[in-house]
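*Asks:* Got a structure here, written out as structure tokens. Questions coming.
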Amino acid sequence: MTVVGIDVSKYKSTVAARRPGGEVALLPFDISHDVTGIKNLIEKLHSLDDESGEIRVVMEHTGMYWRPVALALQQAGFFVSVVNAILIHNFSDNSLRKVKTDKADALKIANYGLTFWMDLREYSSEDETRQMLKIQNRLYERTTTTGTMLRNGLISLLDQTFPGANKLFLNEGRNSKGHVKWVDFVIRFWHKECVAALSLHTFADTFQKWCKRTGYRFSTSDAERIHTAARNAVATLPKNDSTKLLITQAAISLNTVYDSLHALRVEMNRLASLLPEYELVMAMEGVGKITGPQLMAEVGDVRRFSHKGALVAYAGVDAPPYQSGTFDAKNRHVSKRGSPHLRKVLFEIASMILVHGNPDNSVFCFMDKKRAEGKHFYVYTVAGAAKFLRIYYARVKEYLNTQEIA
């Protein structure tokens, strides 16, 4: 048996092959991630295939850099296994020296493949819909982070022109495009003097026309409250064209992000609706129009996990045992070794289950019991997230297997 270890980086990879007994079948060499480089690698592995028995290719799961190499080798007929980078990092290559080079790493990966030959799992390319949904979700998360930064920046500017403008409305009403009412409001009324300089009657009339034009609900009480707040506010920046440019551009930039988030939410929901488990997942309590597609995106096909504990460990919400001699730790922290994206979604779902407080929901009852025991909020919420994930695994796997048989 021969194991080909590939140390993957962004534009190139280092390849080496080993056989039992310490034999090096291929000395480490570099290949580029282009058509020519991958073609040369396939030809070299086919020539190696003529000399030996079964060949297995092992590489680390490093970002997305491994995908073109893994897909090309799989299409060429090779057994490809993509291994978690932590497993490779913690694997001892039977050496006291700590060497960190691409060549040494490629040989170490090959040695890992020889050691765990029988345990290697063949990589199966995810369904195209699931893969696209996952990419959309990662973009949604990055865009949300950008939106938070722009929102905080806009509020900071408004504190100098119209303090408290972001709190003028009792709830953050959104229009069909996902825009927030107060953000659209400050594009038109960007300085306190835009309101305070008008009489209440004139402002109410202007505000009503603005609400009708932008699609928001008009309220006389809102107009009175905004006018009073503007009269009492103290601005530190003057009302001039430069200040107007600052506020309006900051608000327009934030609205652009909201437009992107709205488009991503629509597309994520459309992609998720193409998956067979969509209706089942969306019917689960705590799952919403955003968290549902996110959950399906980060979990993927549950059938790739051997048991529910594997999925919980993948999410990093498991608490591994810690015992040595007569010592056995009772209070343990969750591993956080899995996907932080999945953990975030699970935490949001568990929080919504707490908000709903349905006594017929087993997850809520479990968290409520832990809360009654005096556990910290994060402790019982994470425990509830783990329980929800076990239920999710059981229901979705059973449903998918039923659909497969049918």
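Each chain of the structure tokens is named A, B, ... in the order shown, its residues numbered from 1; ligands are numbered from 1 in display order.
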With a cut-off of 8 Å, could you pull out the residues of range 79-175 of chain A touching range 281-295 of chain A and give me the nearest pair of atoms for each, distance in Å to one decimal, using only C-alpha atoms, ordered by chain and ascending number, as CSV?

*Replies:*
```
residue,atom,partner,partner_atom,distance
A:Leu133,CA,A:Pro293,CA,7.7
A:Lys134,CA,A:Gln294,CA,7.6
A:Asn137,CA,A:Gln294,CA,6.1
```

*Asks:* Can I get the selected residues back with N, CA, C and O atoms, as an mmCIF file, in the first residue's frame?

*Replies:*
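Output saved as result.cif:
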```
data_model
loop_
_atom_site.group_PDB
_atom_site.id
_atom_site.type_symbol
_atom_site.label_atom_id
_atom_site.label_comp_id
_atom_site.auth_asym_id
_atom_site.auth_seq_id
_atom_site.Cartn_x
_atom_site.Cartn_y
_atom_site.Cartn_z
ATOM 1 N N LEU A 133 -25.076 26.740 -0.676
ATOM 2 C CA LEU A 133 -25.753 27.286 0.491
ATOM 3 C C LEU A 133 -24.744 27.645 1.582
ATOM 4 O O LEU A 133 -24.861 28.697 2.236
ATOM 5 N N LYS A 134 -23.746 26.798 1.754
ATOM 6 C CA LYS A 134 -22.712 27.055 2.766
ATOM 7 C C LYS A 134 -21.896 28.297 2.416
ATOM 8 O O LYS A 134 -21.596 29.134 3.279
ATOM 9 N N ASN A 137 -23.933 31.354 3.102
ATOM 10 C CA ASN A 137 -24.032 31.650 4.528
ATOM 11 C C ASN A 137 -22.776 32.339 5.044
ATOM 12 O O ASN A 137 -22.855 33.263 5.854
#
```

*Asks:* Excluding Leu400 in chain A and its own-chain neighbours fewer than 3 positions away, which residues fall within 9 Å of it when counting only C-alpha atoms? Please give them as an MDAnalysis selection string.

*Replies:* chainID A and resid 276:277 302:303 395:397 403:405

*Asks:* Write out as a Markdown table a residue-level contact list of range 246-287 of chain A versus range 175-192 of chain A with cut-off 6 Å: for each qualifying residue the closest pair of atoms and the distance in Å to one decimal, counting only C-alpha atoms, rows sorted by chain and residue number upward.

*Replies:*
```
| residue | atom | partner | partner_atom | distance |
| --- | --- | --- | --- | --- |
| A:Thr248 | CA | A:Ile187 | CA | 5.0 |
| A:Ala251 | CA | A:Val183 | CA | 6.0 |
| A:Tyr258 | CA | A:Gly178 | CA | 5.9 |
| A:His262 | CA | A:Gly178 | CA | 5.8 |
```

*Asks:* My list of candidates is A:Pro320, A:Pro20, A:Gly113, A:Gly153. Which is closest to Lys336 in chain A when distances are computed with only C-alpha atoms?

*Replies:* A:Pro320

*Asks:* Choose the residue, out of A:Pro321, A:Gly37, A:Gly309, A:Gly147, that has the smallest atom-to-atom separation from Pro68 in chain A; count only C-alpha atoms.

*Replies:*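 Of the candidates, the smallest distance to Pro68 in chain A is held by A:Gly37.
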
*Asks:* Using only C-alpha atoms, find the one residue out of A:Gly5, A:Pro238, A:Pro359, A:Gly164 that sits nearest to Arg225 in chain A.

*Replies:*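 For Arg225 in chain A, the nearest of the given residues is A:Gly164.
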
*Asks:* Pick out the closest residue to Ile226 in chain A from this set: A:Asp360, A:Asp318, A:Glu193, A:Asp259. Count only C-alpha atoms.

*Replies:*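 Using only C-alpha atoms, the shortest distance to Ile226 in chain A belongs to A:Glu193.
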
*Asks:* What gap, in Å, lies between CA of Val80 in chain A and CA of Tyr123 in chain A?

*Replies:*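 Computing it gives 5.7 Å between the two atoms.
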
*Asks:* Within 9 Å of range 374-385 of chain A, counting only C-alpha atoms, which residues show up once you throw out same-chain ones fewer than 5 positions away? Write them as a list in words, please.

*Replies:*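 That gives Val317, Asp318, Val334, Arg343, Leu346, Phe347, Glu348, Ile349, Ala350, Ser351, Leu354, Val363, Phe364, Phe366, Met367, Asp368, Lys369 and Arg390 of chain A.
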
*Asks:* Export, as a PDB file, in the first residue's frame, the selected residues with C-alpha atoms.

*Replies:*
```pdb
ATOM      1  CA  VAL A 317     -20.427  21.891  22.005  1.00  0.00           C
ATOM      2  CA  ASP A 318     -19.313  18.613  23.572  1.00  0.00           C
ATOM      3  CA  VAL A 334     -16.982  22.553  25.843  1.00  0.00           C
ATOM      4  CA  ARG A 343     -22.039  27.023  17.194  1.00  0.00           C
ATOM      5  CA  LEU A 346     -27.121  26.805  17.498  1.00  0.00           C
ATOM      6  CA  PHE A 347     -26.749  29.436  20.216  1.00  0.00           C
ATOM      7  CA  GLU A 348     -29.248  31.693  18.436  1.00  0.00           C
ATOM      8  CA  ILE A 349     -31.722  28.821  18.077  1.00  0.00           C
ATOM      9  CA  ALA A 350     -31.361  27.832  21.756  1.00  0.00           C
ATOM     10  CA  SER A 351     -31.892  31.469  22.753  1.00  0.00           C
ATOM     11  CA  LEU A 354     -35.814  30.108  25.720  1.00  0.00           C
ATOM     12  CA  VAL A 363     -35.111  21.295  24.771  1.00  0.00           C
ATOM     13  CA  PHE A 364     -36.728  24.142  26.711  1.00  0.00           C
ATOM     14  CA  PHE A 366     -33.973  20.642  29.719  1.00  0.00           C
ATOM     15  CA  MET A 367     -32.616  24.209  29.763  1.00  0.00           C
ATOM     16  CA  ASP A 368     -35.224  25.319  32.293  1.00  0.00           C
ATOM     17  CA  LYS A 369     -34.184  22.459  34.574  1.00  0.00           C
ATOM     18  CA  ARG A 390     -28.942  15.516  18.825  1.00  0.00           C
TER      19      ARG A 390
END
```

*Asks:* Which residue out of A:Ala250, A:Ala17, A:Cys365, A:Leu107 has the minimum interatomic distance to Met149 in chain A when only C-alpha atoms are used?

*Replies:*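 Among the listed residues, the smallest separation from Met149 in chain A belongs to A:Ala250.
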
*Asks:* Which residues in range 298-359 of chain A does DSSP call strand (DSSP E or B)? List them as a list in words.

*Replies:*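 Everything in range 298-359 of chain A that counts as strand (DSSP E or B) is Gln323, Ser324, Phe327 and Asp328 of chain A.
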
*Asks:* Include all heavy atoms and write out the residues we just selected as a PDB file, in the first residue's frame.

*Replies:*
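So the final result, stored in out.pdb, reads:
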```pdb
ATOM      1  N   GLN A 323      -9.691  12.790  32.754  1.00  0.00           N
ATOM      2  CA  GLN A 323      -9.459  11.917  33.912  1.00  0.00           C
ATOM      3  C   GLN A 323      -8.020  11.415  33.876  1.00  0.00           C
ATOM      4  O   GLN A 323      -7.467  11.104  32.813  1.00  0.00           O
ATOM      5  CB  GLN A 323     -10.437  10.739  33.880  1.00  0.00           C
ATOM      6  CG  GLN A 323     -10.319   9.759  35.025  1.00  0.00           C
ATOM      7  CD  GLN A 323      -9.320   8.647  34.762  1.00  0.00           C
ATOM      8  OE1 GLN A 323      -9.085   8.277  33.607  1.00  0.00           O
ATOM      9  NE2 GLN A 323      -8.719   8.127  35.819  1.00  0.00           N
ATOM     10  N   SER A 324      -7.402  11.401  35.036  1.00  0.00           N
ATOM     11  CA  SER A 324      -6.042  10.864  35.169  1.00  0.00           C
ATOM     12  C   SER A 324      -5.861  10.313  36.569  1.00  0.00           C
ATOM     13  O   SER A 324      -6.034  11.035  37.563  1.00  0.00           O
ATOM     14  CB  SER A 324      -5.002  11.961  34.889  1.00  0.00           C
ATOM     15  OG  SER A 324      -3.688  11.453  35.028  1.00  0.00           O
ATOM     16  N   PHE A 327      -7.953  11.282  39.695  1.00  0.00           N
ATOM     17  CA  PHE A 327      -8.624  12.554  39.416  1.00  0.00           C
ATOM     18  C   PHE A 327      -9.609  12.385  38.264  1.00  0.00           C
ATOM     19  O   PHE A 327      -9.271  11.838  37.223  1.00  0.00           O
ATOM     20  CB  PHE A 327      -7.597  13.634  39.063  1.00  0.00           C
ATOM     21  CG  PHE A 327      -8.223  14.933  38.638  1.00  0.00           C
ATOM     22  CD1 PHE A 327      -8.773  15.789  39.572  1.00  0.00           C
ATOM     23  CD2 PHE A 327      -8.285  15.290  37.293  1.00  0.00           C
ATOM     24  CE1 PHE A 327      -9.358  16.985  39.192  1.00  0.00           C
ATOM     25  CE2 PHE A 327      -8.865  16.479  36.902  1.00  0.00           C
ATOM     26  CZ  PHE A 327      -9.412  17.341  37.855  1.00  0.00           C
ATOM     27  N   ASP A 328     -10.817  12.875  38.459  1.00  0.00           N
ATOM     28  CA  ASP A 328     -11.847  12.833  37.426  1.00  0.00           C
ATOM     29  C   ASP A 328     -12.599  14.161  37.462  1.00  0.00           C
ATOM     30  O   ASP A 328     -13.370  14.432  38.383  1.00  0.00           O
ATOM     31  CB  ASP A 328     -12.806  11.666  37.671  1.00  0.00           C
ATOM     32  CG  ASP A 328     -13.750  11.447  36.494  1.00  0.00           C
ATOM     33  OD1 ASP A 328     -13.618  12.176  35.491  1.00  0.00           O
ATOM     34  OD2 ASP A 328     -14.616  10.563  36.580  1.00  0.00           O
TER      35      ASP A 328
END
```

*Asks:* Take CA of Ser339 in chain A and CA of Tyr314 in chain A and report the distance between them in Å, one decimal.

*Replies:*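 Atom-to-atom, CA of Ser339 in chain A to CA of Tyr314 in chain A, that is 6.3 Å.
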
*Asks:* Which residue out of A:His201, A:Lys103, A:Arg56, A:Arg67 has the minimum interatomic distance to Ala223 in chain A when only C-alpha atoms are used?

*Replies:*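 Of the candidates, the smallest distance to Ala223 in chain A is held by A:His201.
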
*Asks:* Assign secondary structure with DSSP using the backbone only, and return the residues of range 161-332 of chain A in helix (DSSP H, G or I) as number ranges by chain.

*Replies:* A: 165-167, 181-188, 193-196, 200-214, 220-232, 241-273, 278-282, 291-299, 302-304, 308-315

*Asks:* Write out as a ChimeraX atom specification which residues come within 8 Å of Leu311 in chain A when counting only C-alpha atoms, dropping same-chain ones fewer than 3 positions away.

*Replies:* /A:299,302,305,307-308,314-315,389-390,393

*Asks:* Report, in Å to a single decimal, how far apart CA of Glu128 in chain A and CA of Ile38 in chain A are.

*Replies:*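 One can read the CA of Ile38 in chain A to CA of Glu128 in chain A distance as 22.3 Å.
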
*Asks:* Determine, counting only C-alpha atoms, which protein, DNA and RNA residues have an atom within 10 Å of an atom of Val234 in chain A; residues of the same chain fewer than 3 positions away are not included. Present the result as a list in words.

*Replies:*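 Returned residues: Asp159, Gln160, Thr161, Phe162, Pro163, Lys192, Glu193, Ala229, Ala230, Arg231 and Leu237 of chain A.
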